[in-house]
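Asks: One structure coming up, written as C-alpha cells, with questions to follow.
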Amino acid sequence: MGDQFVETLANDPTPALRWEEPPEGPVLVLLDQTRLPAEEVELVCTDVPALVEAIRTLAVRGAPLLGIAGAYGVALAAVRGYDVDDAAETLAYARPTAVNLAYGVRRAADAYHAALTDGADTERAAAAALAEARALHAEDAEASAAMARRGLELLTELLPGGGYQVLTHCNTGALVSGGEGTALAVALAAHRAGELRRLWVDETRPLLQGARLTAYEAARTGMAYTLLTDNAAGSLFAAGEVHAVLIGADRIAADGSVANKVGSYPLAVLARYHNVPFIVVAPTTTVDLGTPDGVSIEVEQRSGHEVTESAGNPVAPLGTQAYNPAFDITPAGLITAIVTENGVVSPVTPGDLAALCSPRAPGHDQVMG
Ligand code: MRU
C-alpha cells in the first residue's frame, strides 16, 4: 500500500454503514468490505433481501456492526411497508454465530410492535423501529469508547513497561462498529498514548479480514503494523515478540467461552504456552447468557470454495473437499480477561460475566479479581 493511497484514505473517512433518506425513499448505505482495500465502493440497500445478501457475502460483517445493520434492516422493511416479521426472521438467521445480529433485529422489531400495541399506526411504528436502530448505533459507539479506555488501562496494568507489541486476528476496528471498534479500538488507544510499538496483524485465512481490513485501518490511523500469515504466529511468540493478544468476539456463552474468527483458539493455546495475556474485547451485547457453554454455540460453516479458491482462482485440485468453519471456540480457562464497556472480567467466571451484563449490578468496575 503506497503512501499516496494511505493519505487519500486518511482524508476520506467512510463510515461502515449509514441511513439515508433520498427523495426516492430511505436506504441503508454500506461500505462494501469485500472490495477493500483496493476500492471504497458503497452498496445501497433498498430492501431486506439486498441487505441479507450483503450480510451473507460479508460486504457488511463483524458482530457489533451486524447488530446495527440488522436493526436498520427491520426499520427499512417497516418504513418501506414490507412485512416486518418476515424481514426480522430472515435477517436474524442470515448468519448464525454473531449474536449481535439477532439482538439488533429483535430490538428494532420489539420497538415496532410496542408502538403498534400503544396504538401507533404503521408509519409511527416504523419511526419507532428506526429510532431504536439509531439508538443501538449510538450505544455501540459509546461502548466502543469505553472498551478502548478500559482495555488500555488493563494493558497498562498487565504490561507496566509500555511499548506494547500486540497481536490481533481478523478485523475489529471502525469497520465493525458504530465507533472505533472492539480489540482494534484498544490498540488504537495504545497508539494514541504513544505505547503501541507494533501491531502484528494475522492475515486471517481464508477471507483475509486481517490483511485486507485491519491493515487498511491500521494504515489510515498511522499505527506501526506488520502483516503475517496465520501460521507464522507460533515462531513470533517463540521469539518473544508478542506481549499480548487482543481479539474480538462474535458470541460469548454464559460460561465465558468465546466464539471468534477461526484461528483465535490456536492463538489462545500459543499465548498460554508462552505466558502471554490473551484478551477478548467485546461489548456486553455480544454476551449471550442464554447460551450455556461453548459446545452450544452454533459455528457457521461456510462454502469450501473460500478455501479451495483464492480471488476466484483454484488453489487446490478440482473436487477437493474443504473444512471451513468461520469461527472457533476458546474456553474461558485460556482467556486472561474479557473487556466490556461495563468493566473487565479476570479471571473469567460465569458469575462475574453475568454481573457485568446486568444493568442493575452494582460495582461493575470492580469485577476484576
Ligand atoms: O466473519 P466475520 O468477518 O464477520 O468475522 C467476525 C469478526 O469480525 C471477528 O470474529 C471479530 O473478531 C468479532 S467482531 C468484532
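Every chain in the C-alpha cells has a letter given in the order shown (A, B, ...), and although residue numbers restart at 1 in each chain, ligands are simply numbered from 1 in the order shown.
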Per residue of chain A within 6 Å of ligand 1, what are the shortest atom pair and its distance in Å to one decimal, counting only C-alpha atoms and all ligand atoms, with rows by chain and residue number, as JSON lines?

Replies:
{"residue": "A:Arg61", "atom": "CA", "partner": "ligand 1", "partner_atom_place_in_ligand_line": "4 (O)", "distance": 4.0}
{"residue": "A:Gly62", "atom": "CA", "partner": "ligand 1", "partner_atom_place_in_ligand_line": "8 (O)", "distance": 3.7}
{"residue": "A:Ala63", "atom": "CA", "partner": "ligand 1", "partner_atom_place_in_ligand_line": "14 (S)", "distance": 4.1}
{"residue": "A:Cys170", "atom": "CA", "partner": "ligand 1", "partner_atom_place_in_ligand_line": "9 (C)", "distance": 5.4}
{"residue": "A:Asn171", "atom": "CA", "partner": "ligand 1", "partner_atom_place_in_ligand_line": "8 (O)", "distance": 5.0}
{"residue": "A:Thr172", "atom": "CA", "partner": "ligand 1", "partner_atom_place_in_ligand_line": "15 (C)", "distance": 4.2}
{"residue": "A:Val176", "atom": "CA", "partner": "ligand 1", "partner_atom_place_in_ligand_line": "15 (C)", "distance": 5.7}
{"residue": "A:Thr182", "atom": "CA", "partner": "ligand 1", "partner_atom_place_in_ligand_line": "15 (C)", "distance": 5.8}
{"residue": "A:Ile247", "atom": "CA", "partner": "ligand 1", "partner_atom_place_in_ligand_line": "12 (O)", "distance": 5.6}
{"residue": "A:Gly248", "atom": "CA", "partner": "ligand 1", "partner_atom_place_in_ligand_line": "12 (O)", "distance": 3.7}
{"residue": "A:Ala249", "atom": "CA", "partner": "ligand 1", "partner_atom_place_in_ligand_line": "13 (C)", "distance": 4.2}
{"residue": "A:Asp250", "atom": "CA", "partner": "ligand 1", "partner_atom_place_in_ligand_line": "13 (C)", "distance": 4.8}
{"residue": "A:Asn260", "atom": "CA", "partner": "ligand 1", "partner_atom_place_in_ligand_line": "10 (O)", "distance": 4.1}
{"residue": "A:Lys261", "atom": "CA", "partner": "ligand 1", "partner_atom_place_in_ligand_line": "10 (O)", "distance": 3.6}

Asks: Now that the selection is made, can you save its residues with N, CA and C atoms as an mmCIF file, in the first residue's frame?

Replies:
data_model
loop_
_atom_site.group_PDB
_atom_site.id
_atom_site.type_symbol
_atom_site.label_atom_id
_atom_site.label_comp_id
_atom_site.auth_asym_id
_atom_site.auth_seq_id
_atom_site.Cartn_x
_atom_site.Cartn_y
_atom_site.Cartn_z
ATOM 1 N N ARG A 61 -20.089 -6.861 7.901
ATOM 2 C CA ARG A 61 -19.674 -8.005 8.734
ATOM 3 C C ARG A 61 -19.157 -7.506 10.080
ATOM 4 N N GLY A 62 -18.809 -8.481 10.955
ATOM 5 C CA GLY A 62 -18.310 -8.129 12.286
ATOM 6 C C GLY A 62 -19.483 -7.975 13.233
ATOM 7 N N ALA A 63 -19.387 -8.620 14.403
ATOM 8 C CA ALA A 63 -20.557 -8.767 15.272
ATOM 9 C C ALA A 63 -21.288 -7.463 15.601
ATOM 10 N N CYS A 170 -8.258 -11.271 12.616
ATOM 11 C CA CYS A 170 -9.469 -10.819 11.936
ATOM 12 C C CYS A 170 -9.525 -9.287 11.946
ATOM 13 N N ASN A 171 -10.717 -8.725 11.966
ATOM 14 C CA ASN A 171 -10.839 -7.262 11.924
ATOM 15 C C ASN A 171 -11.844 -6.816 12.974
ATOM 16 N N THR A 172 -11.420 -5.870 13.794
ATOM 17 C CA THR A 172 -12.249 -5.450 14.931
ATOM 18 C C THR A 172 -12.237 -3.931 15.093
ATOM 19 N N VAL A 176 -16.334 -2.526 11.981
ATOM 20 C CA VAL A 176 -17.318 -3.441 12.591
ATOM 21 C C VAL A 176 -18.141 -2.754 13.672
ATOM 22 N N THR A 182 -13.665 -2.782 18.645
ATOM 23 C CA THR A 182 -13.511 -3.502 19.920
ATOM 24 C C THR A 182 -12.015 -3.654 20.216
ATOM 25 N N ILE A 247 -8.210 -9.725 20.830
ATOM 26 C CA ILE A 247 -9.159 -10.161 19.805
ATOM 27 C C ILE A 247 -10.578 -9.754 20.186
ATOM 28 N N GLY A 248 -11.492 -9.859 19.221
ATOM 29 C CA GLY A 248 -12.897 -9.554 19.460
ATOM 30 C C GLY A 248 -13.669 -10.834 19.750
ATOM 31 N N ALA A 249 -14.965 -10.765 19.617
ATOM 32 C CA ALA A 249 -15.815 -11.947 19.845
ATOM 33 C C ALA A 249 -17.093 -11.805 19.038
ATOM 34 N N ASP A 250 -17.624 -12.945 18.654
ATOM 35 C CA ASP A 250 -18.912 -12.969 17.943
ATOM 36 C C ASP A 250 -20.043 -13.460 18.829
ATOM 37 N N ASN A 260 -15.024 -16.758 18.194
ATOM 38 C CA ASN A 260 -14.440 -15.670 17.402
ATOM 39 C C ASN A 260 -13.894 -16.270 16.112
ATOM 40 N N LYS A 261 -13.419 -15.414 15.223
ATOM 41 C CA LYS A 261 -12.936 -15.852 13.915
ATOM 42 C C LYS A 261 -12.020 -17.061 14.039
#

Asks: Looking only at the backbone, which of the residues in region 214-340 of chain A does DSSP tag as strand (DSSP E or B), as a PyMOL selection string?

Replies: chain A and resi 225-228+244-247+251-253+258-261+278-281+287-288+301+309-310+313-314+325+327-330+337-340

Asks: Write to file, as a compact mmCIF listing (two decimals), in the first residue's frame, the residues of the selection just made, with N, CA, C and O atoms.

Replies:
# COMPACT_ATOMS: atom_id res chain seq x y z
N TYR A 225 2.40 -1.27 11.92
CA TYR A 225 1.86 -2.62 11.86
C TYR A 225 2.67 -3.49 10.92
O TYR A 225 3.33 -2.99 10.00
N THR A 226 2.60 -4.79 11.18
CA THR A 226 3.26 -5.78 10.32
C THR A 226 2.29 -6.92 10.09
O THR A 226 1.67 -7.41 11.04
N LEU A 227 2.16 -7.32 8.85
CA LEU A 227 1.26 -8.40 8.47
C LEU A 227 2.00 -9.74 8.52
O LEU A 227 3.17 -9.81 8.11
N LEU A 228 1.35 -10.78 9.02
CA LEU A 228 1.97 -12.10 9.00
C LEU A 228 0.93 -13.13 8.57
O LEU A 228 -0.27 -12.92 8.75
N ALA A 244 1.02 -9.29 24.04
CA ALA A 244 -0.39 -9.54 24.36
C ALA A 244 -1.14 -9.86 23.08
O ALA A 244 -0.74 -9.41 21.99
N VAL A 245 -2.21 -10.63 23.21
CA VAL A 245 -3.13 -10.87 22.08
C VAL A 245 -4.41 -10.11 22.41
O VAL A 245 -4.94 -10.20 23.52
N LEU A 246 -4.90 -9.36 21.42
CA LEU A 246 -6.17 -8.64 21.56
C LEU A 246 -7.09 -9.12 20.45
O LEU A 246 -6.77 -8.94 19.27
N ILE A 247 -8.21 -9.72 20.83
CA ILE A 247 -9.16 -10.16 19.81
C ILE A 247 -10.58 -9.75 20.19
O ILE A 247 -10.84 -9.37 21.32
N ARG A 251 -19.71 -14.27 19.82
CA ARG A 251 -20.69 -14.68 20.84
C ARG A 251 -19.89 -15.17 22.05
O ARG A 251 -18.93 -15.93 21.91
N ILE A 252 -20.31 -14.72 23.21
CA ILE A 252 -19.68 -15.18 24.46
C ILE A 252 -20.75 -15.92 25.25
O ILE A 252 -21.79 -15.34 25.59
N ALA A 253 -20.52 -17.21 25.50
CA ALA A 253 -21.51 -18.02 26.22
C ALA A 253 -21.46 -17.69 27.71
O ALA A 253 -20.52 -17.06 28.20
N VAL A 258 -15.63 -18.23 24.29
CA VAL A 258 -15.72 -17.16 23.29
C VAL A 258 -15.66 -17.74 21.87
O VAL A 258 -14.69 -18.42 21.51
N ALA A 259 -16.71 -17.45 21.08
CA ALA A 259 -16.65 -17.76 19.65
C ALA A 259 -16.07 -16.55 18.94
O ALA A 259 -16.57 -15.43 19.12
N ASN A 260 -15.02 -16.76 18.19
CA ASN A 260 -14.44 -15.67 17.40
C ASN A 260 -13.89 -16.27 16.11
O ASN A 260 -13.91 -17.49 15.92
N LYS A 261 -13.42 -15.41 15.22
CA LYS A 261 -12.94 -15.85 13.91
C LYS A 261 -12.02 -17.06 14.04
O LYS A 261 -11.13 -17.09 14.89
N PHE A 278 -4.00 -13.14 26.96
CA PHE A 278 -4.92 -13.31 25.83
C PHE A 278 -6.20 -12.58 26.22
O PHE A 278 -6.93 -12.99 27.12
N ILE A 279 -6.45 -11.46 25.55
CA ILE A 279 -7.51 -10.54 25.99
C ILE A 279 -8.61 -10.45 24.92
O ILE A 279 -8.33 -10.18 23.75
N VAL A 280 -9.84 -10.67 25.36
CA VAL A 280 -11.00 -10.57 24.47
C VAL A 280 -11.69 -9.23 24.76
O VAL A 280 -11.93 -8.89 25.92
N VAL A 281 -12.00 -8.49 23.70
CA VAL A 281 -12.66 -7.18 23.86
C VAL A 281 -13.98 -7.23 23.10
O VAL A 281 -14.00 -7.45 21.88
N VAL A 287 -22.41 -10.82 24.67
CA VAL A 287 -22.54 -11.87 25.69
C VAL A 287 -23.96 -12.43 25.61
O VAL A 287 -24.93 -11.68 25.66
N ASP A 288 -24.04 -13.74 25.45
CA ASP A 288 -25.34 -14.40 25.32
C ASP A 288 -25.52 -15.35 26.50
O ASP A 288 -25.10 -16.50 26.45
N GLN A 301 -20.69 -22.74 9.18
CA GLN A 301 -19.81 -23.44 8.23
C GLN A 301 -19.99 -22.75 6.88
O GLN A 301 -21.10 -22.61 6.40
N GLU A 309 -10.28 -21.88 -3.32
CA GLU A 309 -10.01 -20.84 -4.33
C GLU A 309 -9.47 -19.59 -3.64
O GLU A 309 -9.76 -19.33 -2.48
N SER A 310 -8.71 -18.83 -4.41
CA SER A 310 -8.25 -17.54 -3.91
C SER A 310 -8.55 -16.52 -4.99
O SER A 310 -8.10 -16.66 -6.14
N ASN A 313 -9.54 -17.95 -8.21
CA ASN A 313 -8.63 -18.89 -8.87
C ASN A 313 -8.44 -20.13 -8.01
O ASN A 313 -8.22 -20.01 -6.79
N PRO A 314 -8.46 -21.33 -8.63
CA PRO A 314 -8.29 -22.55 -7.82
C PRO A 314 -6.89 -22.63 -7.21
O PRO A 314 -5.91 -22.29 -7.87
N PRO A 325 -14.92 -23.89 8.86
CA PRO A 325 -15.73 -23.22 9.89
C PRO A 325 -15.33 -21.75 9.95
O PRO A 325 -14.14 -21.43 9.86
N PHE A 327 -15.71 -19.81 12.52
CA PHE A 327 -15.33 -19.43 13.89
C PHE A 327 -14.77 -20.62 14.63
O PHE A 327 -14.96 -21.77 14.22
N ASP A 328 -14.09 -20.37 15.73
CA ASP A 328 -13.77 -21.44 16.67
C ASP A 328 -14.07 -20.96 18.08
O ASP A 328 -14.41 -19.78 18.29
N ILE A 329 -13.99 -21.88 19.03
CA ILE A 329 -14.40 -21.57 20.41
C ILE A 329 -13.19 -21.64 21.32
O ILE A 329 -12.49 -22.65 21.36
N THR A 330 -12.96 -20.59 22.07
CA THR A 330 -11.88 -20.57 23.05
C THR A 330 -12.51 -20.70 24.45
O THR A 330 -13.35 -19.88 24.83
N ALA A 337 -8.59 -12.16 30.19
CA ALA A 337 -9.59 -11.17 30.58
C ALA A 337 -10.57 -10.95 29.44
O ALA A 337 -10.21 -11.06 28.27
N ILE A 338 -11.80 -10.64 29.82
CA ILE A 338 -12.78 -10.14 28.84
C ILE A 338 -13.06 -8.69 29.21
O ILE A 338 -13.43 -8.38 30.35
N VAL A 339 -12.84 -7.80 28.23
CA VAL A 339 -13.06 -6.37 28.44
C VAL A 339 -14.38 -5.99 27.80
O VAL A 339 -14.59 -6.22 26.60
N THR A 340 -15.29 -5.43 28.58
CA THR A 340 -16.55 -4.93 28.03
C THR A 340 -16.66 -3.44 28.37
O THR A 340 -15.82 -2.90 29.10

Asks: Write out as a PyMOL selection string which residues come within 12 Å of region 105-116 of chain A when counting only C-alpha atoms, dropping same-chain ones fewer than 6 positions away.

Replies: chain A and resi 48+64-79+83-94+99+122-137+285

Asks: Write the selection just made, keeping N, CA and C atoms, as a CSV table (one decimal), in the first residue's frame?

Replies:
chain,number,residue,atom,x,y,z
A,48,VAL,N,-34.8,-5.6,2.2
A,48,VAL,CA,-34.1,-6.6,3.1
A,48,VAL,C,-33.4,-7.7,2.3
A,64,PRO,N,-20.6,-6.4,16.1
A,64,PRO,CA,-21.4,-5.2,16.5
A,64,PRO,C,-22.1,-4.6,15.3
A,65,LEU,N,-21.4,-4.5,14.2
A,65,LEU,CA,-22.0,-3.9,13.0
A,65,LEU,C,-23.1,-4.7,12.5
A,66,LEU,N,-23.0,-6.0,12.6
A,66,LEU,CA,-24.2,-6.8,12.1
A,66,LEU,C,-25.4,-6.5,12.9
A,67,GLY,N,-25.2,-6.3,14.2
A,67,GLY,CA,-26.4,-5.9,15.1
A,67,GLY,C,-27.0,-4.6,14.6
A,68,ILE,N,-26.2,-3.6,14.3
A,68,ILE,CA,-26.7,-2.3,13.9
A,68,ILE,C,-27.3,-2.5,12.5
A,69,ALA,N,-26.7,-3.2,11.6
A,69,ALA,CA,-27.3,-3.5,10.3
A,69,ALA,C,-28.6,-4.2,10.4
A,70,GLY,N,-28.7,-5.2,11.3
A,70,GLY,CA,-30.0,-5.9,11.4
A,70,GLY,C,-31.1,-5.0,11.9
A,71,ALA,N,-30.8,-4.1,12.9
A,71,ALA,CA,-31.8,-3.2,13.4
A,71,ALA,C,-32.2,-2.2,12.3
A,72,TYR,N,-31.3,-1.7,11.5
A,72,TYR,CA,-31.7,-0.8,10.4
A,72,TYR,C,-32.5,-1.5,9.3
A,73,GLY,N,-32.1,-2.8,9.2
A,73,GLY,CA,-32.8,-3.6,8.2
A,73,GLY,C,-34.3,-3.8,8.5
A,74,VAL,N,-34.6,-4.0,9.8
A,74,VAL,CA,-36.0,-4.0,10.3
A,74,VAL,C,-36.7,-2.7,10.0
A,75,ALA,N,-36.0,-1.6,10.3
A,75,ALA,CA,-36.5,-0.3,10.1
A,75,ALA,C,-36.8,-0.1,8.6
A,76,LEU,N,-35.9,-0.5,7.8
A,76,LEU,CA,-36.1,-0.4,6.3
A,76,LEU,C,-37.3,-1.1,5.9
A,77,ALA,N,-37.5,-2.3,6.3
A,77,ALA,CA,-38.7,-3.1,6.0
A,77,ALA,C,-40.0,-2.3,6.4
A,78,ALA,N,-39.9,-1.8,7.7
A,78,ALA,CA,-41.1,-1.1,8.2
A,78,ALA,C,-41.4,0.2,7.5
A,79,VAL,N,-40.4,1.0,7.2
A,79,VAL,CA,-40.6,2.3,6.6
A,79,VAL,C,-41.1,2.1,5.1
A,83,ASP,N,-43.3,-6.7,5.1
A,83,ASP,CA,-43.7,-7.5,6.3
A,83,ASP,C,-42.6,-7.5,7.3
A,84,VAL,N,-42.8,-6.8,8.4
A,84,VAL,CA,-41.7,-6.6,9.4
A,84,VAL,C,-41.3,-8.0,10.0
A,85,ASP,N,-42.2,-8.8,10.3
A,85,ASP,CA,-41.9,-10.1,11.0
A,85,ASP,C,-41.1,-11.0,10.0
A,86,ASP,N,-41.5,-11.0,8.8
A,86,ASP,CA,-40.7,-11.8,7.8
A,86,ASP,C,-39.3,-11.3,7.7
A,87,ALA,N,-39.2,-10.0,7.6
A,87,ALA,CA,-37.9,-9.3,7.4
A,87,ALA,C,-37.0,-9.7,8.6
A,88,ALA,N,-37.6,-9.6,9.8
A,88,ALA,CA,-36.9,-9.8,11.1
A,88,ALA,C,-36.4,-11.3,11.1
A,89,GLU,N,-37.2,-12.2,10.7
A,89,GLU,CA,-36.8,-13.6,10.7
A,89,GLU,C,-35.7,-13.9,9.7
A,90,THR,N,-35.8,-13.3,8.5
A,90,THR,CA,-34.8,-13.6,7.5
A,90,THR,C,-33.4,-13.0,7.9
A,91,LEU,N,-33.5,-11.8,8.5
A,91,LEU,CA,-32.3,-11.1,8.9
A,91,LEU,C,-31.6,-11.8,10.0
A,92,ALA,N,-32.4,-12.2,11.0
A,92,ALA,CA,-31.8,-12.7,12.3
A,92,ALA,C,-31.0,-14.0,12.0
A,93,TYR,N,-31.4,-14.8,10.9
A,93,TYR,CA,-30.8,-16.0,10.7
A,93,TYR,C,-29.8,-15.9,9.5
A,94,ALA,N,-29.5,-14.7,9.0
A,94,ALA,CA,-28.6,-14.6,7.8
A,94,ALA,C,-27.3,-15.2,8.1
A,99,VAL,N,-24.1,-13.2,17.8
A,99,VAL,CA,-25.4,-13.0,18.5
A,99,VAL,C,-25.9,-11.6,18.3
A,122,THR,N,-48.9,2.3,11.4
A,122,THR,CA,-47.6,1.6,10.9
A,122,THR,C,-46.5,2.6,10.6
A,123,GLU,N,-46.9,3.9,10.2
A,123,GLU,CA,-45.9,4.9,9.9
A,123,GLU,C,-45.2,5.3,11.2
A,124,ARG,N,-45.9,5.5,12.3
A,124,ARG,CA,-45.3,5.8,13.5
A,124,ARG,C,-44.5,4.6,14.1
A,125,ALA,N,-45.0,3.5,13.9
A,125,ALA,CA,-44.3,2.3,14.4
A,125,ALA,C,-43.0,2.1,13.7
A,126,ALA,N,-43.0,2.4,12.4
A,126,ALA,CA,-41.8,2.3,11.6
A,126,ALA,C,-40.8,3.4,12.1
A,127,ALA,N,-41.3,4.5,12.5
A,127,ALA,CA,-40.4,5.6,13.0
A,127,ALA,C,-39.8,5.1,14.4
A,128,ALA,N,-40.6,4.3,15.1
A,128,ALA,CA,-40.0,3.8,16.4
A,128,ALA,C,-38.9,2.8,16.1
A,129,ALA,N,-39.1,2.0,15.1
A,129,ALA,CA,-38.1,1.0,14.8
A,129,ALA,C,-36.8,1.7,14.4
A,130,LEU,N,-36.9,2.7,13.6
A,130,LEU,CA,-35.8,3.5,13.1
A,130,LEU,C,-35.1,4.2,14.3
A,131,ALA,N,-35.9,4.7,15.2
A,131,ALA,CA,-35.3,5.4,16.4
A,131,ALA,C,-34.5,4.3,17.2
A,132,GLU,N,-35.0,3.1,17.3
A,132,GLU,CA,-34.3,2.1,18.0
A,132,GLU,C,-33.0,1.7,17.4
A,133,ALA,N,-33.0,1.6,16.0
A,133,ALA,CA,-31.8,1.3,15.3
A,133,ALA,C,-30.7,2.4,15.5
A,134,ARG,N,-31.2,3.7,15.5
A,134,ARG,CA,-30.3,4.8,15.7
A,134,ARG,C,-29.7,4.8,17.1
A,135,ALA,N,-30.6,4.4,18.1
A,135,ALA,CA,-30.1,4.3,19.5
A,135,ALA,C,-29.1,3.2,19.7
A,136,LEU,N,-29.3,2.1,19.0
A,136,LEU,CA,-28.3,1.0,19.1
A,136,LEU,C,-27.0,1.4,18.5
A,137,HIS,N,-27.1,2.1,17.4
A,137,HIS,CA,-25.9,2.6,16.7
A,137,HIS,C,-25.1,3.5,17.6
A,285,THR,N,-23.4,-6.6,24.5
A,285,THR,CA,-24.3,-7.1,23.5
A,285,THR,C,-23.9,-8.4,22.8

Asks: Taking 4 positions as the minimum chain separation for residues in the same chain, which residues sit within 10 Å of region 22-31 of chain A when counting only C-alpha atoms? Answer as a ChimeraX atom specification.

Replies: /A:14-18,35-36,39-48,50-51,54,59-60,69,72-73,75-77,79-80,175

Asks: Which residue is closest to Ala271 (chain A)? Choose from A:Gly294, A:Gly222, A:Gly333, A:Gly256 and count only C-alpha atoms.

Replies: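 Using only C-alpha atoms, Ala271 (chain A) sits closest to A:Gly333.
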
Asks: Determine which residues of region 147-340 of chain A DSSP labels as alpha helix (DSSP H) from the backbone of this structure, then write them out as number ranges by chain.

Replies: A: 147-158, 183-192, 215-221, 233-238, 264-273, 305-308

Asks: For a quick check of understanding, using only C-alpha atoms, which of A:Ala239, A:Asp118, A:Arg212, A:Pro277 has the smallest distance to Val166 (chain A)?

Replies: A:Pro277

Asks: I'd like to know which of A:Leu158, A:Ala148, A:Val52, A:Val299 is closest to Ala183 (chain A), using only C-alpha atoms.

Replies: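 Going through A:Leu158, A:Ala148, A:Val52, A:Val299 one by one, the smallest distance to Ala183 (chain A) is for A:Ala148.
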
Asks: In Å, with one decimal, what is the gap from CA of Leu207 (chain A) to CA of Gln33 (chain A)?

Replies: 11.0 Å

Asks: Residues near Asp230 (chain A), anyone? I mean within 9 Å using only C-alpha atoms, not counting same-chain ones fewer than 4 positions away, as number ranges by chain.

Replies: A: 169, 201-205, 234, 263

Asks: Any idea what the distance is between CA of Leu152 (chain A) and CA of Val186 (chain A)?

Replies: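 It comes out at 5.8 Å.
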
Asks: Please determine, counting only C-alpha atoms, which residue among A:Tyr216, A:Tyr82, A:Tyr265, A:Tyr273 has the shortest atom-to-atom distance to Gly240 (chain A).

Replies: A:Tyr273

Asks: Excluding Ala141 (chain A) and any residue of its chain fewer than 2 positions from it, enumerate the residues within 9 Å of it, using only C-alpha atoms, and give them as a list in words.

Replies: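 Final neighbour list, sorted by chain and number: Leu136, His137, Ala138, Glu139, Ala143, Ser144, Ala145, Ala146, Ser177, Gly178, Gly179, Glu180 and Gly181 of chain A.
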
Asks: Would you mind telling me which residue in A:Leu188, A:Ala233, A:Ala254, A:Ala355 lies nearest to Thr286 (chain A) when using only C-alpha atoms?

Replies: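 For Thr286 (chain A), the nearest of the candidates is A:Ala254.
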
Asks: What does the structure give for the distance between CA of Glu341 (chain A) and CA of Pro283 (chain A), in Å to one decimal?

Replies: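 Between CA of Glu341 (chain A) and CA of Pro283 (chain A) the gap is 5.8 Å.
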